[in-house]
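To be precise, the following lines are work-v6.txt, and they hold compact mmCIF, C-alpha atoms and all ligand atoms.
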# COMPACT_ATOMS: atom_id res chain seq x y z
CA MET A 18 2.57 15.61 20.50
CA ARG A 19 1.36 12.24 21.62
CA VAL A 20 1.00 10.17 18.45
CA LEU A 21 -0.72 6.82 17.83
CA VAL A 22 0.04 4.73 14.73
CA VAL A 23 -2.58 2.06 13.94
CA GLY A 24 -1.39 -1.19 12.33
CA SER A 25 1.27 -3.89 12.62
CA GLY A 26 3.07 -4.26 9.28
CA GLY A 27 6.29 -3.11 7.65
CA ARG A 28 4.43 0.03 6.58
CA GLU A 29 3.64 0.88 10.19
CA HIS A 30 7.20 0.11 11.29
CA ALA A 31 8.53 2.52 8.66
CA LEU A 32 5.97 5.15 9.73
CA CYS A 33 6.90 4.76 13.41
CA TRP A 34 10.61 4.91 12.57
CA ALA A 35 10.10 8.20 10.72
CA ILE A 36 7.56 9.76 13.11
CA GLY A 37 9.53 8.70 16.19
CA ALA A 38 12.49 10.75 14.90
CA SER A 39 10.37 13.91 14.69
CA PRO A 40 11.15 16.58 17.30
CA LEU A 41 7.39 17.20 17.43
CA CYS A 42 6.72 13.71 18.75
CA THR A 43 6.97 13.41 22.53
CA ALA A 44 5.30 10.01 22.90
CA LEU A 45 4.64 7.36 20.26
CA PHE A 46 2.23 4.43 20.56
CA ALA A 47 1.50 1.65 18.06
CA ALA A 48 -1.61 -0.54 18.09
CA PRO A 49 -0.97 -3.42 17.93
CA GLY A 50 2.56 -3.07 16.43
CA ASN A 51 5.17 -5.84 16.34
CA ALA A 52 8.60 -6.75 17.78
CA GLY A 53 10.43 -4.28 15.53
CA ILE A 54 8.00 -1.45 16.15
CA ALA A 55 8.55 -1.97 19.91
CA ARG A 56 11.95 -0.30 19.43
CA GLU A 57 10.32 2.93 18.27
CA ALA A 58 6.98 2.97 20.07
CA THR A 59 5.06 1.72 23.08
CA LEU A 60 2.95 -1.21 21.92
CA VAL A 61 -0.76 -1.16 22.74
CA PRO A 62 -2.56 -4.53 22.55
CA ILE A 63 -5.53 -3.31 20.51
CA GLU A 64 -6.17 -4.72 17.03
CA ALA A 65 -6.49 -2.36 14.06
CA ASP A 66 -10.12 -3.42 13.51
CA ASP A 67 -11.19 -2.69 17.11
CA LEU A 68 -12.51 0.79 16.35
CA ASP A 69 -14.15 1.38 19.73
CA GLY A 70 -11.05 0.16 21.56
CA LEU A 71 -8.80 2.47 19.56
CA VAL A 72 -11.00 5.52 20.12
CA ALA A 73 -11.26 4.78 23.86
CA PHE A 74 -7.48 4.39 24.10
CA ALA A 75 -6.84 7.62 22.20
CA ARG A 76 -9.17 9.53 24.53
CA ARG A 77 -7.82 7.96 27.69
CA GLU A 78 -4.18 8.58 26.71
CA ARG A 79 -4.88 12.10 25.43
CA ILE A 80 -3.51 11.26 21.97
CA ASP A 81 -3.06 14.40 19.84
CA PHE A 82 -2.69 12.77 16.46
CA VAL A 83 -3.51 9.36 14.97
CA VAL A 84 -1.95 7.93 11.80
CA VAL A 85 -3.98 5.03 10.41
CA GLY A 86 -1.87 2.54 8.40
CA PRO A 87 -4.24 -0.07 6.91
CA GLU A 88 -7.32 0.33 4.73
CA ALA A 89 -9.86 -1.81 6.60
CA PRO A 90 -10.31 0.51 9.63
CA LEU A 91 -10.50 3.53 7.31
CA VAL A 92 -13.23 1.93 5.22
CA ALA A 93 -15.01 1.02 8.48
CA GLY A 94 -14.94 4.66 9.63
CA LEU A 95 -12.10 4.88 12.16
CA ALA A 96 -11.05 8.37 11.03
CA ASP A 97 -14.65 9.62 11.35
CA GLN A 98 -14.97 8.18 14.86
CA LEU A 99 -11.66 9.65 16.01
CA ARG A 100 -12.52 13.09 14.59
CA ALA A 101 -15.94 12.93 16.24
CA ALA A 102 -14.06 12.35 19.51
CA GLY A 103 -12.00 15.49 18.82
CA ILE A 104 -8.81 13.64 17.85
CA LYS A 105 -6.90 14.83 14.81
CA THR A 106 -6.38 11.97 12.35
CA PHE A 107 -4.34 11.28 9.22
CA GLY A 108 -6.51 9.20 6.91
CA PRO A 109 -9.72 9.57 4.91
CA SER A 110 -13.32 9.43 6.10
CA ALA A 111 -15.28 6.27 5.36
CA ALA A 112 -17.01 8.14 2.53
CA ALA A 113 -13.66 9.03 0.91
CA ALA A 114 -12.19 5.59 1.64
CA ARG A 115 -14.79 4.13 -0.75
CA LEU A 116 -12.10 4.81 -3.37
CA GLU A 117 -10.48 1.63 -2.06
CA GLY A 118 -13.48 -0.02 -0.38
CA SER A 119 -15.48 -0.27 -3.60
CA LYS A 120 -13.86 -0.82 -6.98
CA ALA A 121 -17.21 -0.12 -8.65
CA PHE A 122 -17.41 3.27 -6.89
CA THR A 123 -13.99 4.26 -8.22
CA LYS A 124 -14.70 3.02 -11.73
CA ASP A 125 -17.92 5.07 -11.78
CA ILE A 126 -15.97 8.17 -10.63
CA CYS A 127 -13.47 7.57 -13.45
CA ASP A 128 -16.32 7.20 -15.90
CA ARG A 129 -18.11 10.38 -14.80
CA TYR A 130 -14.96 12.52 -14.70
CA GLY A 131 -13.15 11.17 -17.77
CA ILE A 132 -10.22 9.60 -15.89
CA PRO A 133 -8.29 7.04 -17.99
CA THR A 134 -8.92 3.48 -16.76
CA ALA A 135 -9.76 0.10 -18.31
CA GLY A 136 -13.27 -0.23 -19.78
CA TYR A 137 -15.56 -2.05 -17.34
CA ARG A 138 -19.02 -3.21 -16.37
CA ARG A 139 -20.55 -4.03 -12.97
CA PHE A 140 -22.36 -7.32 -12.30
CA SER A 141 -24.23 -8.89 -9.45
CA ASP A 142 -26.16 -11.33 -11.66
CA HIS A 143 -24.28 -14.55 -12.45
CA GLY A 144 -25.87 -15.14 -15.85
CA GLU A 145 -25.14 -11.62 -17.03
CA ALA A 146 -21.52 -11.80 -15.89
CA VAL A 147 -21.03 -15.12 -17.70
CA ALA A 148 -22.64 -13.80 -20.88
CA HIS A 149 -20.36 -10.74 -20.76
CA VAL A 150 -17.21 -12.85 -20.47
CA ARG A 151 -18.39 -15.16 -23.30
CA ALA A 152 -18.99 -12.11 -25.49
CA GLN A 153 -15.71 -10.36 -24.61
CA GLY A 154 -13.37 -13.35 -24.49
CA ALA A 155 -9.99 -13.45 -22.71
CA PRO A 156 -7.77 -11.98 -21.47
CA ILE A 157 -10.15 -10.23 -19.10
CA VAL A 158 -10.02 -9.14 -15.46
CA VAL A 159 -12.59 -10.13 -12.81
CA LYS A 160 -12.59 -8.14 -9.55
CA ALA A 161 -14.60 -8.45 -6.36
CA ASP A 162 -16.01 -5.02 -5.54
CA GLY A 163 -15.03 -4.84 -1.85
CA LEU A 164 -11.96 -5.32 0.36
CA THR A 165 -10.38 -8.77 -0.02
CA ALA A 166 -6.82 -8.21 1.28
CA GLY A 167 -5.57 -8.34 -2.30
CA LYS A 168 -7.13 -11.72 -3.16
CA GLY A 169 -10.18 -10.48 -5.07
CA VAL A 170 -8.60 -9.83 -8.48
CA THR A 171 -8.32 -12.51 -11.17
CA VAL A 172 -6.34 -11.55 -14.24
CA ALA A 173 -7.81 -14.28 -16.45
CA MET A 174 -5.76 -15.26 -19.47
CA THR A 175 -8.46 -17.76 -20.48
CA GLU A 176 -12.24 -17.56 -20.57
CA ARG A 177 -12.30 -20.60 -18.30
CA ASP A 178 -10.36 -18.84 -15.53
CA ALA A 179 -12.66 -15.84 -15.77
CA LEU A 180 -15.77 -18.02 -15.52
CA ALA A 181 -14.29 -19.87 -12.54
CA ALA A 182 -13.64 -16.54 -10.79
CA ILE A 183 -17.25 -15.48 -11.42
CA ASP A 184 -18.55 -18.79 -10.05
CA GLU A 185 -16.40 -18.56 -6.92
CA ALA A 186 -17.52 -15.05 -6.09
CA LEU A 187 -21.18 -15.03 -7.12
CA LEU A 188 -22.13 -18.69 -6.52
CA GLY A 189 -19.51 -19.87 -4.00
CA GLY A 190 -19.53 -16.75 -1.84
CA ARG A 191 -15.72 -16.84 -1.68
CA PHE A 192 -15.42 -13.17 -0.65
CA GLY A 193 -18.65 -12.90 1.32
CA ALA A 194 -20.33 -9.51 1.01
CA ALA A 195 -17.18 -8.06 -0.62
CA GLY A 196 -17.77 -10.26 -3.66
CA THR A 197 -21.53 -10.11 -4.26
CA GLU A 198 -20.83 -7.47 -6.89
CA LEU A 199 -18.10 -7.82 -9.50
CA VAL A 200 -16.31 -5.38 -11.74
CA ILE A 201 -15.27 -7.05 -14.97
CA GLU A 202 -12.78 -4.99 -16.92
CA ASP A 203 -10.59 -4.97 -19.98
CA TYR A 204 -7.09 -6.35 -19.69
CA LEU A 205 -4.35 -3.71 -19.71
CA GLU A 206 -0.81 -4.36 -20.78
CA GLY A 207 2.22 -2.44 -19.60
CA GLU A 208 4.54 -1.70 -16.72
CA GLU A 209 2.98 -1.11 -13.29
CA VAL A 210 3.98 1.84 -11.11
CA SER A 211 2.66 3.05 -7.74
CA PHE A 212 2.35 6.81 -7.30
CA PHE A 213 1.82 8.42 -3.90
CA ALA A 214 0.60 11.86 -2.88
CA LEU A 215 -0.53 13.56 0.32
CA VAL A 216 -3.93 15.20 -0.02
CA ASP A 217 -5.70 17.64 2.34
CA GLY A 218 -9.08 17.68 0.59
CA LYS A 219 -7.98 20.05 -2.17
CA THR A 220 -4.18 20.49 -2.28
CA ILE A 221 -2.06 17.61 -3.54
CA LEU A 222 1.55 17.19 -2.48
CA PRO A 223 3.16 14.54 -4.68
CA LEU A 224 5.44 12.19 -2.76
CA ALA A 225 7.30 9.84 -5.06
CA ALA A 226 6.74 6.84 -7.25
CA ALA A 227 7.81 3.32 -6.37
CA GLN A 228 7.68 -0.03 -8.02
CA ASP A 229 6.34 -3.09 -6.25
CA HIS A 230 6.79 -6.79 -7.08
CA LYS A 231 3.43 -8.48 -6.64
CA ARG A 232 4.17 -12.06 -7.73
CA VAL A 233 5.77 -14.39 -5.22
CA GLY A 234 8.48 -15.83 -7.49
CA ASP A 235 11.55 -14.58 -9.34
CA GLY A 236 10.80 -13.37 -12.85
CA ASP A 237 7.26 -12.38 -11.78
CA THR A 238 6.01 -15.95 -11.55
CA GLY A 239 3.56 -17.63 -9.20
CA PRO A 240 0.59 -16.23 -7.32
CA ASN A 241 -0.01 -12.60 -6.35
CA THR A 242 1.10 -11.40 -2.91
CA GLY A 243 0.83 -8.19 -0.92
CA GLY A 244 4.20 -7.22 -2.39
CA MET A 245 7.60 -8.95 -2.24
CA GLY A 246 9.85 -5.93 -2.67
CA ALA A 247 9.95 -2.34 -3.85
CA TYR A 248 12.28 0.38 -5.02
CA SER A 249 12.18 4.14 -5.48
CA PRO A 250 12.75 6.21 -7.49
CA THR A 251 11.64 4.25 -10.50
CA PRO A 252 13.15 5.09 -13.89
CA ALA A 253 9.77 4.34 -15.50
CA MET A 254 8.26 7.44 -13.84
CA THR A 255 9.82 10.34 -15.73
CA PRO A 256 9.04 13.94 -14.71
CA ALA A 257 6.86 14.31 -17.83
CA LEU A 258 4.91 11.18 -16.98
CA GLU A 259 4.47 12.35 -13.39
CA GLN A 260 2.96 15.58 -14.70
CA GLU A 261 0.61 13.63 -16.91
CA VAL A 262 -0.43 11.35 -14.03
CA MET A 263 -1.10 14.38 -11.82
CA ALA A 264 -3.09 16.24 -14.48
CA ARG A 265 -5.11 13.34 -15.90
CA ILE A 266 -5.59 11.06 -12.89
CA VAL A 267 -4.71 12.39 -9.42
CA GLU A 268 -6.02 15.97 -9.69
CA PRO A 269 -9.33 14.92 -11.31
CA ILE A 270 -9.93 12.32 -8.59
CA VAL A 271 -9.27 14.79 -5.77
CA ARG A 272 -11.53 17.38 -7.45
CA ALA A 273 -14.21 14.75 -8.04
CA MET A 274 -14.25 13.64 -4.40
CA ALA A 275 -14.58 17.25 -3.24
CA ALA A 276 -17.36 17.86 -5.77
CA GLU A 277 -19.17 14.71 -4.60
CA GLY A 278 -19.12 15.98 -1.02
CA SER A 279 -16.51 13.47 0.22
CA PRO A 280 -13.22 15.37 0.14
CA PHE A 281 -10.21 13.08 0.39
CA THR A 282 -7.56 13.60 3.07
CA GLY A 283 -4.60 11.36 3.79
CA VAL A 284 -2.35 9.52 1.36
CA LEU A 285 -3.63 8.65 -2.08
CA TYR A 286 -1.95 5.68 -3.72
CA ALA A 287 -2.63 5.40 -7.42
CA GLY A 288 -1.82 2.01 -8.96
CA LEU A 289 -0.99 2.77 -12.60
CA MET A 290 -0.46 0.76 -15.75
CA LEU A 291 1.86 2.49 -18.21
CA THR A 292 0.25 1.40 -21.45
CA LYS A 293 1.11 2.24 -25.06
CA THR A 294 -1.66 4.82 -25.01
CA GLY A 295 -0.56 6.46 -21.76
CA PRO A 296 -1.01 5.89 -18.03
CA GLN A 297 -4.24 4.19 -16.94
CA LEU A 298 -5.57 3.93 -13.41
CA VAL A 299 -5.66 0.31 -12.20
CA GLU A 300 -6.75 0.99 -8.63
CA ILE A 301 -6.82 3.57 -5.89
CA ASN A 302 -5.68 2.78 -2.39
CA VAL A 303 -6.36 5.18 0.46
CA ARG A 304 -3.23 4.45 2.50
CA PHE A 305 0.47 3.83 1.94
CA GLY A 306 1.49 0.65 0.14
CA ASP A 307 3.57 -1.95 1.87
CA PRO A 308 6.49 -2.40 1.11
CA GLU A 309 6.39 0.88 -0.86
CA CYS A 310 6.06 2.92 2.34
CA GLN A 311 9.38 1.52 3.52
CA VAL A 312 11.34 2.85 0.53
CA LEU A 313 9.51 6.20 0.69
CA MET A 314 10.27 6.72 4.39
CA ALA A 315 13.90 5.68 3.78
CA ARG A 316 14.26 8.35 1.08
CA LEU A 317 12.36 11.11 2.86
CA ARG A 318 14.70 13.76 4.25
CA SER A 319 12.00 16.00 5.74
CA ASP A 320 10.11 15.31 8.92
CA PRO A 321 6.88 13.61 7.74
CA LEU A 322 4.87 14.38 10.90
CA PRO A 323 4.15 18.07 10.15
CA ALA A 324 3.20 17.10 6.59
CA PHE A 325 0.74 14.45 7.85
CA ILE A 326 -0.71 17.02 10.27
CA ALA A 327 -0.98 19.59 7.46
CA ALA A 328 -2.89 17.04 5.36
CA ALA A 329 -5.30 16.54 8.26
CA ASP A 330 -5.59 20.32 8.85
CA GLY A 331 -6.14 21.30 5.21
CA VAL A 332 -2.97 23.43 4.96
CA LEU A 333 -0.78 21.33 2.67
CA ASP A 334 -0.33 24.28 0.33
CA ARG A 335 2.32 25.61 2.72
CA PHE A 336 4.34 22.44 2.47
CA ASP A 337 7.29 21.09 0.64
CA LEU A 338 9.20 17.87 1.26
CA ARG A 339 12.83 17.09 0.61
CA TRP A 340 13.88 13.71 -0.77
CA SER A 341 17.23 12.00 -0.73
CA PRO A 342 18.78 11.79 -4.18
CA GLU A 343 19.72 8.24 -3.18
CA ALA A 344 17.75 5.18 -4.22
CA ALA A 345 16.00 2.92 -1.72
CA LEU A 346 15.14 -0.74 -2.13
CA THR A 347 13.26 -3.21 0.07
CA VAL A 348 13.53 -6.99 -0.09
CA VAL A 349 10.61 -8.67 1.69
CA MET A 350 11.44 -11.85 3.60
CA ALA A 351 8.37 -14.07 3.95
CA SER A 352 7.52 -17.37 5.62
CA LYS A 353 7.99 -20.37 3.31
CA GLY A 354 4.58 -21.22 1.86
CA TYR A 355 3.33 -17.62 1.64
CA PRO A 356 0.96 -16.53 0.07
CA GLY A 357 -0.46 -20.01 0.76
CA ALA A 358 -0.35 -21.77 4.14
CA TYR A 359 2.79 -21.24 6.22
CA GLY A 360 4.07 -22.12 9.69
CA LYS A 361 4.26 -19.64 12.54
CA GLY A 362 6.67 -19.25 15.44
CA SER A 363 10.04 -19.91 13.75
CA ALA A 364 13.00 -18.02 15.22
CA ILE A 365 14.94 -15.34 13.32
CA ALA A 366 18.59 -14.66 14.19
CA GLY A 367 21.29 -12.34 12.88
CA LEU A 368 19.11 -9.24 12.69
CA ASP A 369 21.61 -6.95 14.45
CA ARG A 370 24.45 -8.10 12.21
CA ALA A 371 22.31 -7.53 9.12
CA ALA A 372 21.20 -4.08 10.29
CA ALA A 373 24.86 -3.09 10.62
CA VAL A 374 25.39 -3.25 6.84
CA PRO A 375 25.86 0.38 5.69
CA GLY A 376 22.61 2.04 4.59
CA VAL A 377 20.42 -0.81 5.85
CA THR A 378 17.32 -0.59 8.06
CA ILE A 379 15.28 -3.68 8.81
CA PHE A 380 11.56 -3.09 9.15
CA HIS A 381 9.47 -5.77 10.80
CA ALA A 382 6.16 -6.77 9.21
CA ALA A 383 5.02 -9.72 11.34
CA THR A 384 7.18 -10.55 14.34
CA LYS A 385 6.83 -10.95 18.04
CA ALA A 386 9.42 -10.99 20.79
CA GLU A 387 9.49 -13.99 23.11
CA ALA A 388 12.12 -14.90 25.69
CA GLY A 389 14.69 -12.67 24.02
CA ARG A 390 14.08 -14.15 20.56
CA VAL A 391 12.34 -12.70 17.52
CA LEU A 392 9.68 -15.04 16.10
CA ALA A 393 7.95 -14.92 12.71
CA VAL A 394 4.17 -14.70 13.13
CA GLY A 395 2.85 -13.90 9.65
CA GLY A 396 3.32 -14.26 5.89
CA ARG A 397 5.44 -11.25 5.07
CA VAL A 398 7.79 -10.96 8.04
CA LEU A 399 10.68 -8.55 7.36
CA GLY A 400 11.38 -5.68 4.97
CA VAL A 401 15.14 -5.44 4.52
CA THR A 402 15.54 -1.87 3.29
CA ALA A 403 18.69 -0.19 1.99
CA LEU A 404 19.70 3.21 0.67
CA GLY A 405 22.45 3.46 -1.94
CA ALA A 406 23.89 5.89 -4.44
CA ASP A 407 21.80 4.15 -7.10
CA ILE A 408 19.44 1.20 -7.33
CA ALA A 409 22.32 -1.21 -7.95
CA GLU A 410 24.08 -0.18 -4.74
CA ALA A 411 20.87 -0.21 -2.70
CA ARG A 412 20.14 -3.68 -4.02
CA ALA A 413 23.64 -5.01 -3.26
CA ARG A 414 23.38 -3.69 0.31
CA ALA A 415 19.90 -5.10 0.88
CA TYR A 416 20.89 -8.57 -0.29
CA ALA A 417 24.14 -8.43 1.73
CA ALA A 418 21.92 -7.87 4.79
CA VAL A 419 19.46 -10.59 3.75
CA ASP A 420 22.36 -13.05 3.55
CA LEU A 421 23.31 -12.28 7.16
CA ILE A 422 19.84 -13.13 8.45
CA ASP A 423 19.57 -16.64 9.82
CA TRP A 424 16.00 -17.76 9.25
CA PRO A 425 15.67 -21.21 7.63
CA ALA A 426 11.83 -20.96 7.57
CA GLY A 427 11.93 -17.81 5.41
CA PHE A 428 12.54 -16.94 1.77
CA CYS A 429 12.74 -13.89 -0.48
CA ARG A 430 12.80 -13.00 -4.16
CA ARG A 431 16.36 -12.57 -5.44
CA ASP A 432 15.46 -10.26 -8.33
CA ILE A 433 14.02 -7.10 -6.78
CA ALA A 434 14.50 -4.18 -9.20
CA ALA A 435 15.86 -6.45 -11.95
CA GLY A 436 13.57 -4.64 -14.37
CA ALA A 437 15.18 -1.31 -13.55
CA LEU A 438 18.73 -2.63 -13.86
CA GLU A 439 18.61 -4.88 -16.90
CA PRO A 440 17.32 -3.58 -20.21
CA ARG A 441 14.46 -5.74 -21.50
P1 LIG B 1 -5.86 -4.31 -8.03
O1 LIG B 1 -6.14 -4.89 -6.67
O2 LIG B 1 -7.04 -3.74 -8.71
O3 LIG B 1 -4.65 -3.44 -8.05
O4 LIG B 1 -5.38 -5.56 -8.90
C1 LIG B 1 -4.31 -6.36 -8.48
C2 LIG B 1 -3.35 -6.57 -9.61
O5 LIG B 1 -4.02 -7.17 -10.72
C3 LIG B 1 -2.76 -5.29 -10.16
O6 LIG B 1 -1.66 -4.86 -9.45
C4 LIG B 1 -2.41 -5.71 -11.58
O7 LIG B 1 -1.17 -6.40 -11.59
C5 LIG B 1 -3.50 -6.67 -11.93
N1 LIG B 1 -4.58 -5.98 -12.66
C6 LIG B 1 -5.64 -5.33 -12.13
N2 LIG B 1 -6.42 -4.80 -13.10
C7 LIG B 1 -5.85 -5.13 -14.27
C8 LIG B 1 -6.18 -4.89 -15.65
N3 LIG B 1 -7.28 -4.21 -16.01
N4 LIG B 1 -5.35 -5.38 -16.59
C9 LIG B 1 -4.25 -6.10 -16.26
N5 LIG B 1 -3.89 -6.36 -14.99
C10 LIG B 1 -4.67 -5.89 -14.00
N1 LIG B 2 2.16 -3.31 -2.03
C1 LIG B 2 0.82 -3.19 -2.44
C2 LIG B 2 -0.12 -2.70 -1.42
O1 LIG B 2 0.27 -2.28 -0.35
O2 LIG B 2 -1.30 -2.72 -1.69
Hey, can you dump this file as structure tokens for me?
Amino acid sequence: MRVLVVGSGGREHALCWAIGASPLCTALFAAPGNAGIAREATLVPIEADDLDGLVAFARRERIDFVVVGPEAPLVAGLADQLRAAGIKTFGPSAAAARLEGSKAFTKDICDRYGIPTAGYRRFSDHGEAVAHVRAQGAPIVVKADGLTAGKGVTVAMTERDALAAIDEALLGGRFGAAGTELVIEDYLEGEEVSFFALVDGKTILPLAAAQDHKRVGDGDTGPNTGGMGAYSPTPAMTPALEQEVMARIVEPIVRAMAAEGSPFTGVLYAGLMLTKTGPQLVEINVRFGDPECQVLMARLRSDPLPAFIAAADGVLDRFDLRWSPEAALTVVMASKGYPGAYGKGSAIAGLDRAAAVPGVTIFHAATKAEAGRVLAVGGRVLGVTALGADIAEARARAYAAVDLIDWPAGFCRRDIAAGALEPR
């Protein structure tokens, strides 16, 4: 099969690394990819949001199967366009991708189908939103409805912060059309876990759970990021809890989407809060998480390509996947300044030495190759990923590799998986 992976992050590097190893894959392309992905795939200089360009390339190159990494092209309808062109695609239709593209859509689904999630109301009127926050008080959570690359959520610990978030979105136009409607919801307290499953429209094949680290600083301090590290499995997700999450959250959502005429295919990523009263849905994403995808691909023993194809073909019921009993852990190395402003173009050395640490694979998230050097060209730049007998060993190996990487313009959190290793 000739396979195209769309995207350029650590997620897409991990996907290319796993798909490229499949005996089914005879040619692998990545659009646009990065310097690390270039080792696994032929890079194609087409951006992930250039839907027409991607479809034209897939037709011209007789691509048999497309795996779409990021959410924005899915929400914009890339999977629909590819399927209309007769090209098999892993990823949901635009109608099903509303689960990520509109927080209000997902909250309404939860409401109609009795899926546990924080109480909420939708607002497009500034005065009504302000009155609601004044009546409810803090803490309270203000969310832009649409896609904002993770920047649209304000967990407001004070009424003032909540009102400022409302002003920015509804008066200041901070998120453009994505923020002309807000979801304002109750604050949930608990541990956060990401749960992943392949879905073919009706059958659900659970993958595994992972834990992400969203704040930029050690001890979960500082601003939110796309994710500074991850590990899997996570002790918080017991088999009993996984059953409960499947029965009360994932299965009802998949049934609801089918009943609404927008069956979901692809990978469903449920962001969960483990509260005192049980798991609650925080958000749905319609693609793999990054860095979570890196730890999942590291632990996956089966070939993922036939499973992705089965999800696209509606035959997941014949599938089973094998997982390594080992633990995997990713430390994200980012450009100093991220998630704020950061410099671009700094050189990274020592990657081969670091990759030689036992159990370690280095996924690239934002790099380019120039004159034989690897340059950082984004915020999150590398995902240093390690397998180990347990989380402690995976963590020791990942940090041993991090310490061999010579990149003065980069930084990482030093406490990935601390919560799983040290009793609170
Ligand atoms: P989301 O994009 O909806 O996942 O929100 C981003 C982050 O904000 C989540 O990962 C949580 O850490 C936090 N968050 C979102 N909703 C809530 C909530 N209702 N209560 C507490 N924290 C939340
Ligand atoms: N790591 C969180 C995300 O991919 O959305």
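Relative to atom CA of Gly163 of chain A, atom CA of Val23 of chain A is found at 21.3 Å.
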(message) Which residues are close to Val271 of chain A, i.e. within 12 Å by all atoms listed in the file, leaving aside same-chain residues fewer than 5 positions away? Reply as a PyMOL selection string.
(response) chain A and resi 109+113+116+123+126-127+130+132+214-222+263-266+276-287+301+303
Sorted per-residue table, chain A near ligand LIG 1 (chain B), closest atoms and distance, 8 Å, only C-alpha atoms and all ligand atoms, as CSV:
residue,atom,partner,partner_atom,distance
A:Lys120,CA,B:LIG1,O2,7.6
A:Thr134,CA,B:LIG1,N3,7.9
A:Ala135,CA,B:LIG1,N3,5.5
A:Ile157,CA,B:LIG1,N4,7.3
A:Val158,CA,B:LIG1,N3,5.7
A:Lys160,CA,B:LIG1,O2,7.1
A:Gly167,CA,B:LIG1,O1,5.6
A:Lys168,CA,B:LIG1,O1,7.7
A:Gly169,CA,B:LIG1,O1,7.1
A:Val170,CA,B:LIG1,O4,5.4
A:Thr171,CA,B:LIG1,O5,6.9
A:Val172,CA,B:LIG1,N5,5.8
A:Glu202,CA,B:LIG1,N3,5.6
A:Asp203,CA,B:LIG1,N3,5.2
A:Tyr204,CA,B:LIG1,N4,3.7
A:Leu205,CA,B:LIG1,N4,3.7
A:Glu206,CA,B:LIG1,C9,5.9
A:Glu209,CA,B:LIG1,O7,6.9
A:Lys231,CA,B:LIG1,O6,6.8
A:Asn241,CA,B:LIG1,C2,7.6
A:Gly288,CA,B:LIG1,O3,6.2
A:Met290,CA,B:LIG1,C9,7.9
A:Val299,CA,B:LIG1,N2,5.2
A:Glu300,CA,B:LIG1,O2,4.7
A:Ile301,CA,B:LIG1,O3,7.6
Output of the above residues as a short mmCIF file (atom, residue, chain, number, x, y, z; two decimals), in the coordinates of the input, restricted to C-alpha atoms:
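File written: selection23.cif
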data_model
loop_
_atom_site.label_atom_id
_atom_site.label_comp_id
_atom_site.auth_asym_id
_atom_site.auth_seq_id
_atom_site.Cartn_x
_atom_site.Cartn_y
_atom_site.Cartn_z
CA LYS A 120 -13.86 -0.82 -6.98
CA THR A 134 -8.92 3.48 -16.76
CA ALA A 135 -9.76 0.10 -18.31
CA ILE A 157 -10.15 -10.23 -19.10
CA VAL A 158 -10.02 -9.14 -15.46
CA LYS A 160 -12.59 -8.14 -9.55
CA GLY A 167 -5.57 -8.34 -2.30
CA LYS A 168 -7.13 -11.72 -3.16
CA GLY A 169 -10.18 -10.48 -5.07
CA VAL A 170 -8.60 -9.83 -8.48
CA THR A 171 -8.32 -12.51 -11.17
CA VAL A 172 -6.34 -11.55 -14.24
CA GLU A 202 -12.78 -4.99 -16.92
CA ASP A 203 -10.59 -4.97 -19.98
CA TYR A 204 -7.09 -6.35 -19.69
CA LEU A 205 -4.35 -3.71 -19.71
CA GLU A 206 -0.81 -4.36 -20.78
CA GLU A 209 2.98 -1.11 -13.29
CA LYS A 231 3.43 -8.48 -6.64
CA ASN A 241 -0.01 -12.60 -6.35
CA GLY A 288 -1.82 2.01 -8.96
CA MET A 290 -0.46 0.76 -15.75
CA VAL A 299 -5.66 0.31 -12.20
CA GLU A 300 -6.75 0.99 -8.63
CA ILE A 301 -6.82 3.57 -5.89
#
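Our summary of the geometry notes that atom CA of Gly108 of chain A is positioned 14.0 Å from atom CA of Leu68 of chain A.
Comparing A:Pro425, A:Pro49, A:Gly94, A:Gly405 by their smallest distance to Pro342 of chain A, the closest is A:Gly405 (using only C-alpha atoms).
When only C-alpha atoms are used to measure the gap to Glu410 of chain A, the shortest distance among A:Glu259, A:Asp235, A:Glu176, A:Glu343 belongs to A:Glu343.
The spacing separating atom CA of Asp320 of chain A from atom CA of Ala413 of chain A amounts to 27.3 Å.
In this comparison, which uses all atoms listed in the file, the residue of A:Lys293, A:Arg430, A:Arg100, A:Arg335 approaching Lys353 of chain A most closely is A:Arg430.
Using all atoms listed in the file for every distance, the candidate list A:Ala344, A:Leu322, A:Leu180, A:Val85 yields A:Leu322 as the residue closest to Ile36 of chain A.
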(message) Please determine, counting all atoms listed in the file, which residue among A:Ala411, A:His30, A:Val394, A:Ile201 has the shortest atom-to-atom distance to His149 of chain A.
(response) A:Ile201
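For the choices A:Val22, A:Gly395, A:Ser341, A:Tyr137, the atom-to-atom distance to Asp125 of chain A is smallest for A:Tyr137 when using only C-alpha atoms.
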Enclose segment 207-216 of chain A, meaning all of its atoms listed in the file, in a box aligned along x, y and z, pad it by 4 Å on each side, and list the centre and edge lengths in Å to one decimal, as lines of an AutoDock Vina configuration file.
center_x = 0.3
center_y = 6.4
center_z = -9.6
size_x = 16.5
size_y = 25.6
size_z = 27.9
(request) Counting only C-alpha atoms, note down every residue that has an atom within 7 Å of the point (19.8, 0.8, -0.3) (file coordinates), as a VMD selection string. (result) chain A and resid 344 to 346 376 to 377 402 to 405 410 to 412 414 to 415
